[in-house]
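**Student:** Just passing along the structure, written as C-alpha cells.
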Amino acid sequence: MTPIIEVNQLCKSFDRFNAVNNLSFTVNKGDIFGFLGENGAGKSTTIRMLLTLIQPTSGNIQLFGEPLQQNRKSILQRVGAVIEKPDLYKYLSAYENLNLFAKMSGLKLSKNTLMQQLDVVGLADRSHSKVKTFSQGMKQRLGIAVALVHDPQLIMLDEPTNGLDPQGIVDIRNLIMRLSQERGKTILVSSHLLSEIELIANRLLIIHKGEKVVEGSVKSLLDPAETIIKIETSDNQHAFELLKKWEHLENAILNENEIHIKMHKNETPFLVRFLTENKMDIFSVKHVNSLEDYFLNLTKSDTHVQPFTN
Amino acid sequence: MFSLLQIELFKISRRPRTYIGFAAITAIVLIFQFAFKADGESYMNLMLQNVQDSFDLDKSKAINGYFMCYIILNTLLVQVPILVTLIAGDAISGEANMGTLRLMLTKPYSRSQLLFVKFLAAFLFTVFLLIWIAILSLFVSLLIFGTDDMLIFRVKGDESQILQISKDDVMWRYFAAFGYAAVALTVIATLGILLSVFAENSIGPIVATICIVLFFTIVSNINVPVIDKHVKPWLFTSYMVGWKGFFYIGIDNEGQPIKGSLENWPAIRNSLLILIAHIGTFLGIAFYSFQKKDILS
Amino acid sequence: MIKKIACFLFLFFLFQQTIFAQDINVLLANIKTKMNKIKDYEAEGQMKTKVVFLKLPVAAVKLYFKNPNKFKLKTSKGISFIPKGAVNVNMNSLFNEHNFTVIDAGADNVNNVKVRVVKLLPNDDNSDLVLSTLYIDPIKLLILKNKTTTKENGTYELTMNYSKYSSYGLPDEILFSFNTKDYKLPKGLTFDFDDQSAKNPLSKTNKASKGEVKISLNKYYINKNLSDEFFK
C-alpha cells in the first residue's frame, strides 16, 4: 500500500489554544478516508494544513511521499479540495468559474471538456447561470467539479454534505463512491457524522479536541463484536502506561477519570487480570455497545484525552 | 503568471463595482465640462481676482481644453483614491469573504505570485482609470473647449502666481503628470492591498484606507507652519499632488517662463521616490504578512 | 583761431537756446505735423511682461493704427494679458483725441538727452485723461517719455526709444510701466504641491506693485491703407 498522506506528530496552536495536538495518521492510495470529529475538533485545521493554508506549529506532512512545504507546487497540482462551503465567484456563471479554476491549474480546457465536467456533477443544464442563483447543493457540486477539474489524484473534501438536503447528501455520497471506484481517486472526507462516513469510507480517523481518538479500518472499528471498554482504576495514568506495553491491545485513550479501550468483548477478563496482576485496583469496568455510542459519548464529554495506538 | 493576471483582470472586469469608478468619473467630468461651458467666466473671475483691474484678458481663450483638464484633475484626483480603494481594498479580503481565497491558494502558485498579480491587477486598474480620466478630461475637453495656452493659478508660499504655458509646451506635461498620478494612486492601491491582507471582508480595508487617505489629506492641508514643517513631510498624501509640479514652469531671471522647463524637478523627483518607497514598504509588509498568514476564512 | 572757436560755440549755444526757447505750442504743432504724415501703420514685434505675480512668455504682438484715433494691440497667438491703458502706447492719437491746455514745464533730461517737458491738461472735464506729461526731444521732434494719469487706470509711464523709424516719430521700443494691485489667491483653493521652496512663508501685507511691459517693434508698414477690419 502506497501512502499518499503521511502526517506525523502534527501540532497547531492559535495563541494558547491547541487546535491540533500531536496528530499522526496515514492515508493510502485508493482509500476513502473518513475524518471524523465533532465541530471544532480540528478537522478543518488539519485539512488546511494539508493544503498549506495554515502553517503547522510543529510536526511534518508528506504527500505522495514528498515533504509538503518543500514541494508545495508540484504536490498541489495533484490535489483537489473542497473546503467547507465552496463559495465560488457569485457574479460568474458555473462554466466561467470552472474555466477560471482550470486556467489557474494551468489547463486550457475545451468547452466540451468543461461541459462534461459539469455534467459529472449534474450542472450541465445550469452551466451559464450565475452562481448567486444556485442552491447550496448546487454550489457544493460545482465546488467538487472545481476540485476535480485538473484531474487530481488526491481529493480532500471538508464536510461536503454540510447544509445539503437529503437528496443532495445522497448525490454527493454517490459521487464520492464513483470517483473512488471508477477513477481510482484517493479521497479524504471529513464529517461530524459517523453515519455519513461509515457508508462510504474504508478507513477512519476520529479526532477530539485536536487529538487522535482512534484510527483504523471501518470494518474493524464498526465490528459488532468489538467494543469500547471504559475502565477506572486506582491510578489511571499508571494503568495507561502499563497497557501501552500489553501486547493484546490495539489502541486506548486516557481520559480524565477513565481509560477507554477498544477490544473484543471476550477479552475483558484478560484485561482485568492483567491489571490486577500488576497491582492495580479496579473500581469499575463498563462496556459501550457501538462505535457510534462511543463517538457520541466522546463528543458530549468535555475531557482531555491521551490516545495511543499499537 | 501572465494567465493569472489575465484571470485577475477578467474577474475585475466582470464585477459591477469596477464600473462604479468609471461611471463616477464620467459623471463628474461631464458635469464640470457642462458647468464651464455654461459659465466658466465666473470661475475665471474668481481665480483672476483683481488682476482684471490692471489687465485685459480674453477669458474665453483662457478656458480651453488644457485648462479644463487641470481644473478637473485638481478636483478628481482627490476622489480617485476612493475609487482605487474600492478595488484594491477588496483584493485579498474580498476573496476571503467569498471563500475563494482558500481555493486560490490551493492552486500551484506561491502566495507571493498571487499577491503580486493582485498588485499588478490593481495597478492596471488604476492605469485604466487614469486613461479614462485622460480621455474624458483632456481629449474630450480639447474637443469641446479647443486648445490654447494654459494658465496655472498657483499659491506658492505666501505668493500667488499666474503661470502661462504655451500650448505647444503642455501635452508632455500632461503625460508626465498622468504618469506621476499613476504612481501616487498606486500608493493608495498598495495601502488598500496591505490592509486587505489582514481582513476577511472588504468593507474594513476599504473604509480604513479611505479614512487614512482622508485624514492624511486633511492634515496635509492644514496650513499651519508647525504642521507644514514637521508633519507634512511624513504624510504620503503631501506628495500626491506632486503631479502639479510638471505645470510649474521654470522662470528665467526676467520672470519669463522657459519653454520645456520645470521649476523644481528635484522636488518632483524626490516626491516620486518617496511615493515609490511607500509602494515598496506597503508591498513588503503585505508580502511578509500574507506569507505568514493562516487562511482561516 | 580761438576767436573762431568761441564764435562757433556762441552760435551753437545760441542755436540751442533758440530751439529750447521756441514756443511750446509751435513745438507741439511740429510734432503733430510730423505724426500726421502717418495715415496708418501696422507694426510687428514682441511684448515682454514683467509683473511679480505673472509669469508670461514673450508674446508676438501686432500694433495697428489708423488716423485719427483707431488703435489696436493684438497678440498673434495664445492668451495675452494686455495692460489696461496699453492703448496709450500709441502717441499718434493723443493729439487727435483731446483738446488740451498746454503748460510749459521747462526742461529735463531723459537718457542724457535734453528734453522739453510739456504738461497737457484736457479741456473736457469728462475725459478719462487727467494729465499727460510729455518729455520731448525738440531737435529730433520725438516724444521720449510720457507720464499719463487717468481716472480709470491710474498713472502709467511710457519710455520710447527710436531708431529706424525716428523720421516718422515711431518708436522701436516702448517701455510701459504701470501700477498693479497685489494678487492673492485664498490658500487651500488650489491644493498646490508644496515643494518647500517658497522663501517667504510669513505673511506680507497686501500691497501694490509696479508692472512693466516692454514692446520691441522690429518692423512697421506705414501708410499701406490699412483696412478697418483690424480694429474690430
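In the C-alpha cells, chains take letters A, B, ... by order of appearance, with residues numbered from 1 within each chain and ligands from 1 in the order shown.
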Can you check which residues of chain A have any atom within 6 Å of chain B? Use only C-alpha atoms and format it as a list in words.
**Tutor:**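 The answer, sorted by residue number, is Leu53, Ile54, Lys73, Leu76, Gln77, Asp87 and Leu88 of chain A.
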**Student:** Just write the chosen residues, N, CA and C atoms, as a PDB file, in the first residue's frame.
**Tutor:**
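Wrote it out as result_31.pdb, contents follow:
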ATOM      1  N   LEU A  53      -2.668  25.941   3.697  1.00  0.00           N
ATOM      2  CA  LEU A  53      -3.379  27.184   4.015  1.00  0.00           C
ATOM      3  C   LEU A  53      -3.032  27.660   5.418  1.00  0.00           C
ATOM      4  N   ILE A  54      -2.692  26.703   6.270  1.00  0.00           N
ATOM      5  CA  ILE A  54      -2.291  27.022   7.645  1.00  0.00           C
ATOM      6  C   ILE A  54      -0.924  26.410   7.881  1.00  0.00           C
ATOM      7  N   LYS A  73       4.278  23.273  -4.768  1.00  0.00           N
ATOM      8  CA  LYS A  73       3.662  23.471  -6.088  1.00  0.00           C
ATOM      9  C   LYS A  73       3.361  22.151  -6.777  1.00  0.00           C
ATOM     10  N   LEU A  76       0.542  20.261  -4.943  1.00  0.00           N
ATOM     11  CA  LEU A  76      -0.805  20.831  -5.083  1.00  0.00           C
ATOM     12  C   LEU A  76      -1.391  20.620  -6.479  1.00  0.00           C
ATOM     13  N   GLN A  77      -0.508  20.407  -7.464  1.00  0.00           N
ATOM     14  CA  GLN A  77      -1.017  20.101  -8.803  1.00  0.00           C
ATOM     15  C   GLN A  77      -1.770  18.772  -8.832  1.00  0.00           C
ATOM     16  N   ASP A  87     -17.812  28.649  -1.560  1.00  0.00           N
ATOM     17  CA  ASP A  87     -18.399  29.852  -2.128  1.00  0.00           C
ATOM     18  C   ASP A  87     -17.532  30.299  -3.290  1.00  0.00           C
ATOM     19  N   LEU A  88     -18.038  30.134  -4.476  1.00  0.00           N
ATOM     20  CA  LEU A  88     -17.267  30.492  -5.665  1.00  0.00           C
ATOM     21  C   LEU A  88     -17.568  31.947  -6.041  1.00  0.00           C
TER      22      LEU A  88
END
**Student:** Taking 3 positions as the minimum chain separation for residues in the same chain, which residues sit within 12 Å of B:Phe36 when counting only C-alpha atoms? Answer as a PDB file with C-alpha atoms, in the first residue's frame.
**Tutor:**
ATOM      1  CA  VAL B  29     -16.149  65.222 -15.781  1.00  0.00           C
ATOM      2  CA  LEU B  30     -19.286  65.813 -17.812  1.00  0.00           C
ATOM      3  CA  ILE B  31     -20.767  67.999 -15.073  1.00  0.00           C
ATOM      4  CA  PHE B  32     -17.541  70.009 -14.957  1.00  0.00           C
ATOM      5  CA  GLN B  33     -17.495  70.445 -18.713  1.00  0.00           C
ATOM      6  CA  ASP B  39     -20.448  79.753 -17.051  1.00  0.00           C
ATOM      7  CA  GLY B  40     -16.707  79.295 -16.969  1.00  0.00           C
ATOM      8  CA  GLU B  41     -16.184  83.028 -16.696  1.00  0.00           C
ATOM      9  CA  SER B  42     -17.373  83.152 -13.094  1.00  0.00           C
ATOM     10  CA  TYR B  43     -14.668  80.687 -12.123  1.00  0.00           C
ATOM     11  CA  MET B  44     -12.131  82.637 -14.137  1.00  0.00           C
ATOM     12  CA  LYS B  59     -11.274  84.742 -20.779  1.00  0.00           C
ATOM     13  CA  SER B  60     -12.890  82.561 -23.401  1.00  0.00           C
ATOM     14  CA  ALA B  62      -8.204  81.026 -21.191  1.00  0.00           C
ATOM     15  CA  ILE B  63     -10.964  78.471 -20.642  1.00  0.00           C
ATOM     16  CA  ASN B  64      -9.572  75.946 -23.087  1.00  0.00           C
ATOM     17  CA  GLY B  65      -9.162  72.164 -23.060  1.00  0.00           C
ATOM     18  CA  PHE B  67      -7.063  74.496 -18.556  1.00  0.00           C
ATOM     19  CA  MET B  68     -10.200  72.404 -18.151  1.00  0.00           C
ATOM     20  CA  CYS B  69      -8.210  69.213 -17.709  1.00  0.00           C
ATOM     21  CA  ILE B  71      -9.187  72.060 -13.143  1.00  0.00           C
ATOM     22  CA  ILE B  72     -10.875  68.661 -13.426  1.00  0.00           C
ATOM     23  CA  SER B 141     -12.164  68.854 -23.183  1.00  0.00           C
ATOM     24  CA  ILE B 144     -15.179  70.905 -26.590  1.00  0.00           C
ATOM     25  CA  PHE B 145     -13.056  73.865 -25.493  1.00  0.00           C
TER      26      PHE B 145
END
**Student:** For chain C versus chain B, which residues have an atom no more than 6 Å away, and what is each residue's nearest atom pair and distance in Å rounded to one decimal, using only C-alpha atoms, chain-then-number order, as a Markdown table?
**Tutor:**
| residue | atom | partner | partner_atom | distance |
| --- | --- | --- | --- | --- |
| C:Phe53 | CA | B:Gln161 | CA | 4.5 |
| C:Leu54 | CA | B:Ile162 | CA | 5.0 |
| C:Lys55 | CA | B:Leu163 | CA | 4.7 |
| C:Leu56 | CA | B:Gln164 | CA | 5.1 |
| C:Pro57 | CA | B:Gln256 | CA | 5.3 |
| C:Gly78 | CA | B:Asp149 | CA | 5.3 |
| C:Ile79 | CA | B:Asp149 | CA | 5.9 |
| C:Phe81 | CA | B:Leu57 | CA | 5.1 |
| C:Ile82 | CA | B:Asp56 | CA | 5.1 |
| C:Pro83 | CA | B:Phe55 | CA | 4.2 |
| C:Lys84 | CA | B:Phe55 | CA | 5.0 |
| C:Thr180 | CA | B:Ser54 | CA | 5.9 |
| C:Lys184 | CA | B:Ser160 | CA | 5.1 |
| C:Leu185 | CA | B:Ser160 | CA | 5.7 |
| C:Phe193 | CA | B:Val241 | CA | 5.2 |
| C:Asp195 | CA | B:Ala267 | CA | 5.7 |
| C:Ala198 | CA | B:Gly157 | CA | 4.8 |
| C:Pro201 | CA | B:Gly157 | CA | 5.1 |
**Student:** Save out the residues we just selected, N, CA, C and O atoms, as a PDB file, in the first residue's frame.
**Tutor:**
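Printed below is part_23.pdb as written:
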ATOM      1  N   PHE C  53       3.594  88.754 -10.101  1.00  0.00           N
ATOM      2  CA  PHE C  53       2.773  87.547  -9.980  1.00  0.00           C
ATOM      3  C   PHE C  53       2.427  86.910 -11.322  1.00  0.00           C
ATOM      4  O   PHE C  53       1.777  85.875 -11.355  1.00  0.00           O
ATOM      5  N   LEU C  54       2.848  87.549 -12.418  1.00  0.00           N
ATOM      6  CA  LEU C  54       2.517  86.999 -13.744  1.00  0.00           C
ATOM      7  C   LEU C  54       3.762  86.426 -14.390  1.00  0.00           C
ATOM      8  O   LEU C  54       4.770  87.124 -14.520  1.00  0.00           O
ATOM      9  N   LYS C  55       3.695  85.162 -14.752  1.00  0.00           N
ATOM     10  CA  LYS C  55       4.835  84.545 -15.425  1.00  0.00           C
ATOM     11  C   LYS C  55       4.389  84.222 -16.845  1.00  0.00           C
ATOM     12  O   LYS C  55       3.850  83.142 -17.102  1.00  0.00           O
ATOM     13  N   LEU C  56       4.568  85.190 -17.720  1.00  0.00           N
ATOM     14  CA  LEU C  56       4.039  85.054 -19.069  1.00  0.00           C
ATOM     15  C   LEU C  56       5.187  84.951 -20.072  1.00  0.00           C
ATOM     16  O   LEU C  56       6.203  85.639 -19.928  1.00  0.00           O
ATOM     17  N   PRO C  57       5.004  84.161 -21.079  1.00  0.00           N
ATOM     18  CA  PRO C  57       6.050  84.091 -22.100  1.00  0.00           C
ATOM     19  C   PRO C  57       6.033  85.355 -22.961  1.00  0.00           C
ATOM     20  O   PRO C  57       5.049  86.097 -22.975  1.00  0.00           O
ATOM     21  N   GLY C  78      -2.037  82.710 -28.800  1.00  0.00           N
ATOM     22  CA  GLY C  78      -2.015  82.475 -27.364  1.00  0.00           C
ATOM     23  C   GLY C  78      -2.844  83.484 -26.589  1.00  0.00           C
ATOM     24  O   GLY C  78      -3.470  84.383 -27.149  1.00  0.00           O
ATOM     25  N   ILE C  79      -2.822  83.259 -25.269  1.00  0.00           N
ATOM     26  CA  ILE C  79      -3.580  84.142 -24.386  1.00  0.00           C
ATOM     27  C   ILE C  79      -2.705  85.351 -24.081  1.00  0.00           C
ATOM     28  O   ILE C  79      -1.501  85.208 -23.884  1.00  0.00           O
ATOM     29  N   PHE C  81      -2.225  88.877 -21.718  1.00  0.00           N
ATOM     30  CA  PHE C  81      -2.613  89.802 -20.655  1.00  0.00           C
ATOM     31  C   PHE C  81      -2.182  91.182 -21.137  1.00  0.00           C
ATOM     32  O   PHE C  81      -0.990  91.481 -21.130  1.00  0.00           O
ATOM     33  N   ILE C  82      -3.133  91.978 -21.605  1.00  0.00           N
ATOM     34  CA  ILE C  82      -2.772  93.298 -22.109  1.00  0.00           C
ATOM     35  C   ILE C  82      -3.085  94.334 -21.031  1.00  0.00           C
ATOM     36  O   ILE C  82      -4.231  94.430 -20.579  1.00  0.00           O
ATOM     37  N   PRO C  83      -2.061  95.051 -20.578  1.00  0.00           N
ATOM     38  CA  PRO C  83      -2.304  96.017 -19.506  1.00  0.00           C
ATOM     39  C   PRO C  83      -3.339  97.051 -19.936  1.00  0.00           C
ATOM     40  O   PRO C  83      -3.331  97.491 -21.086  1.00  0.00           O
ATOM     41  N   LYS C  84      -4.202  97.345 -18.999  1.00  0.00           N
ATOM     42  CA  LYS C  84      -5.190  98.367 -19.316  1.00  0.00           C
ATOM     43  C   LYS C  84      -4.426  99.678 -19.518  1.00  0.00           C
ATOM     44  O   LYS C  84      -3.496  99.981 -18.800  1.00  0.00           O
ATOM     45  N   THR C 180       0.175  97.847 -10.345  1.00  0.00           N
ATOM     46  CA  THR C 180      -0.772  96.730 -10.267  1.00  0.00           C
ATOM     47  C   THR C 180      -1.095  96.487  -8.802  1.00  0.00           C
ATOM     48  O   THR C 180      -0.272  96.768  -7.932  1.00  0.00           O
ATOM     49  N   LYS C 184      -3.618  87.860  -4.848  1.00  0.00           N
ATOM     50  CA  LYS C 184      -3.586  86.909  -3.733  1.00  0.00           C
ATOM     51  C   LYS C 184      -4.763  85.945  -3.810  1.00  0.00           C
ATOM     52  O   LYS C 184      -5.908  86.360  -3.668  1.00  0.00           O
ATOM     53  N   LEU C 185      -4.438  84.684  -4.056  1.00  0.00           N
ATOM     54  CA  LEU C 185      -5.484  83.651  -4.050  1.00  0.00           C
ATOM     55  C   LEU C 185      -5.638  83.132  -2.634  1.00  0.00           C
ATOM     56  O   LEU C 185      -4.646  83.022  -1.906  1.00  0.00           O
ATOM     57  N   PHE C 193       0.980  71.843  -4.858  1.00  0.00           N
ATOM     58  CA  PHE C 193       2.108  70.994  -4.462  1.00  0.00           C
ATOM     59  C   PHE C 193       3.117  71.892  -3.774  1.00  0.00           C
ATOM     60  O   PHE C 193       3.614  72.847  -4.377  1.00  0.00           O
ATOM     61  N   ASP C 195       6.575  72.276  -2.649  1.00  0.00           N
ATOM     62  CA  ASP C 195       7.897  71.648  -2.767  1.00  0.00           C
ATOM     63  C   ASP C 195       8.879  72.254  -1.763  1.00  0.00           C
ATOM     64  O   ASP C 195      10.076  72.074  -1.874  1.00  0.00           O
ATOM     65  N   ALA C 198       9.284  77.697  -1.252  1.00  0.00           N
ATOM     66  CA  ALA C 198       8.827  79.071  -1.089  1.00  0.00           C
ATOM     67  C   ALA C 198       9.676  79.774  -0.042  1.00  0.00           C
ATOM     68  O   ALA C 198       9.951  79.220   1.022  1.00  0.00           O
ATOM     69  N   PRO C 201       7.494  82.262   3.850  1.00  0.00           N
ATOM     70  CA  PRO C 201       6.311  81.611   4.410  1.00  0.00           C
ATOM     71  C   PRO C 201       5.467  82.550   5.261  1.00  0.00           C
ATOM     72  O   PRO C 201       4.315  82.311   5.481  1.00  0.00           O
TER      73      PRO C 201
END
**Student:** Considering only C-alpha atoms, state which residue in the set B:Leu9, B:Leu86, B:Leu235, B:Phe2 is at the smallest distance from B:Ser202.
**Tutor:**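 Smallest distance to B:Ser202 is found for B:Leu86.
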**Student:** Give me, as a VMD selection string, the residues of stretch 1-223 of chain C that a backbone DSSP run labels strand (DSSP E or B).
**Tutor:** chain C and resid 40 to 51 54 to 55 59 to 66 70 to 75 81 to 83 100 to 110 113 to 122 129 to 137 142 to 150 154 to 161 173 to 180 209 to 222
**Student:** Which polymer residues have any atom within 8 Å of an atom of B:His278, counting only C-alpha atoms, with same-chain residues fewer than 3 positions away left out, as a PDB file with all heavy atoms, in the first residue's frame?
**Tutor:**
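around-v4.pdb was written with the following content:
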ATOM      1  N   VAL B 187       0.233  54.038  -4.695  1.00  0.00           N
ATOM      2  CA  VAL B 187       0.483  54.027  -3.239  1.00  0.00           C
ATOM      3  C   VAL B 187      -0.825  53.684  -2.521  1.00  0.00           C
ATOM      4  O   VAL B 187      -0.853  52.843  -1.617  1.00  0.00           O
ATOM      5  CB  VAL B 187       1.016  55.394  -2.749  1.00  0.00           C
ATOM      6  CG1 VAL B 187       1.173  55.398  -1.236  1.00  0.00           C
ATOM      7  CG2 VAL B 187       2.335  55.716  -3.415  1.00  0.00           C
ATOM      8  N   PHE B 236       2.266  60.636   3.191  1.00  0.00           N
ATOM      9  CA  PHE B 236       2.414  60.395   1.754  1.00  0.00           C
ATOM     10  C   PHE B 236       1.442  61.223   0.928  1.00  0.00           C
ATOM     11  O   PHE B 236       1.698  61.523  -0.233  1.00  0.00           O
ATOM     12  CB  PHE B 236       2.282  58.901   1.418  1.00  0.00           C
ATOM     13  CG  PHE B 236       0.931  58.302   1.677  1.00  0.00           C
ATOM     14  CD1 PHE B 236      -0.087  58.416   0.747  1.00  0.00           C
ATOM     15  CD2 PHE B 236       0.676  57.621   2.844  1.00  0.00           C
ATOM     16  CE1 PHE B 236      -1.331  57.857   0.972  1.00  0.00           C
ATOM     17  CE2 PHE B 236      -0.563  57.071   3.091  1.00  0.00           C
ATOM     18  CZ  PHE B 236      -1.573  57.193   2.163  1.00  0.00           C
ATOM     19  N   ILE B 274       9.825  59.121  -2.914  1.00  0.00           N
ATOM     20  CA  ILE B 274       9.164  58.866  -1.617  1.00  0.00           C
ATOM     21  C   ILE B 274       7.915  58.009  -1.839  1.00  0.00           C
ATOM     22  O   ILE B 274       7.663  57.053  -1.095  1.00  0.00           O
ATOM     23  CB  ILE B 274       8.823  60.203  -0.910  1.00  0.00           C
ATOM     24  CG1 ILE B 274      10.116  60.856  -0.431  1.00  0.00           C
ATOM     25  CG2 ILE B 274       7.862  59.984   0.253  1.00  0.00           C
ATOM     26  CD1 ILE B 274       9.983  62.288   0.016  1.00  0.00           C
ATOM     27  N   LEU B 275       7.168  58.331  -2.892  1.00  0.00           N
ATOM     28  CA  LEU B 275       5.953  57.556  -3.182  1.00  0.00           C
ATOM     29  C   LEU B 275       6.328  56.111  -3.540  1.00  0.00           C
ATOM     30  O   LEU B 275       5.693  55.159  -3.082  1.00  0.00           O
ATOM     31  CB  LEU B 275       5.164  58.197  -4.328  1.00  0.00           C
ATOM     32  CG  LEU B 275       4.496  59.539  -4.006  1.00  0.00           C
ATOM     33  CD1 LEU B 275       3.851  60.129  -5.246  1.00  0.00           C
ATOM     34  CD2 LEU B 275       3.451  59.380  -2.910  1.00  0.00           C
ATOM     35  N   THR B 281       7.414  49.723   0.608  1.00  0.00           N
ATOM     36  CA  THR B 281       7.223  49.381   2.021  1.00  0.00           C
ATOM     37  C   THR B 281       5.879  48.675   2.228  1.00  0.00           C
ATOM     38  O   THR B 281       5.815  47.620   2.872  1.00  0.00           O
ATOM     39  CB  THR B 281       7.272  50.662   2.889  1.00  0.00           C
ATOM     40  OG1 THR B 281       8.447  51.376   2.536  1.00  0.00           O
ATOM     41  CG2 THR B 281       7.269  50.344   4.365  1.00  0.00           C
ATOM     42  N   PHE B 282       4.830  49.262   1.690  1.00  0.00           N
ATOM     43  CA  PHE B 282       3.492  48.665   1.858  1.00  0.00           C
ATOM     44  C   PHE B 282       3.461  47.260   1.253  1.00  0.00           C
ATOM     45  O   PHE B 282       2.926  46.327   1.862  1.00  0.00           O
ATOM     46  CB  PHE B 282       2.416  49.527   1.180  1.00  0.00           C
ATOM     47  CG  PHE B 282       2.147  50.839   1.877  1.00  0.00           C
ATOM     48  CD1 PHE B 282       1.536  51.895   1.194  1.00  0.00           C
ATOM     49  CD2 PHE B 282       2.496  51.033   3.196  1.00  0.00           C
ATOM     50  CE1 PHE B 282       1.286  53.110   1.827  1.00  0.00           C
ATOM     51  CE2 PHE B 282       2.257  52.241   3.837  1.00  0.00           C
ATOM     52  CZ  PHE B 282       1.655  53.279   3.156  1.00  0.00           C
TER      53      PHE B 282
END
**Student:** Within 9 Å of C:Ser127, counting only C-alpha atoms, which residues qualify if same-chain residues fewer than 3 places away don't, as number ranges by chain?
**Tutor:** C: 98, 122-124, 130, 150-151
**Student:** Excluding B:Phe125 and its own-chain neighbours fewer than 2 positions away, which residues fall within 10 Å of it when counting only C-alpha atoms? Please give them as a PyMOL selection string.
**Tutor:** chain B and resi 9+12-13+18+83-84+87-88+119-123+127-131+186+189
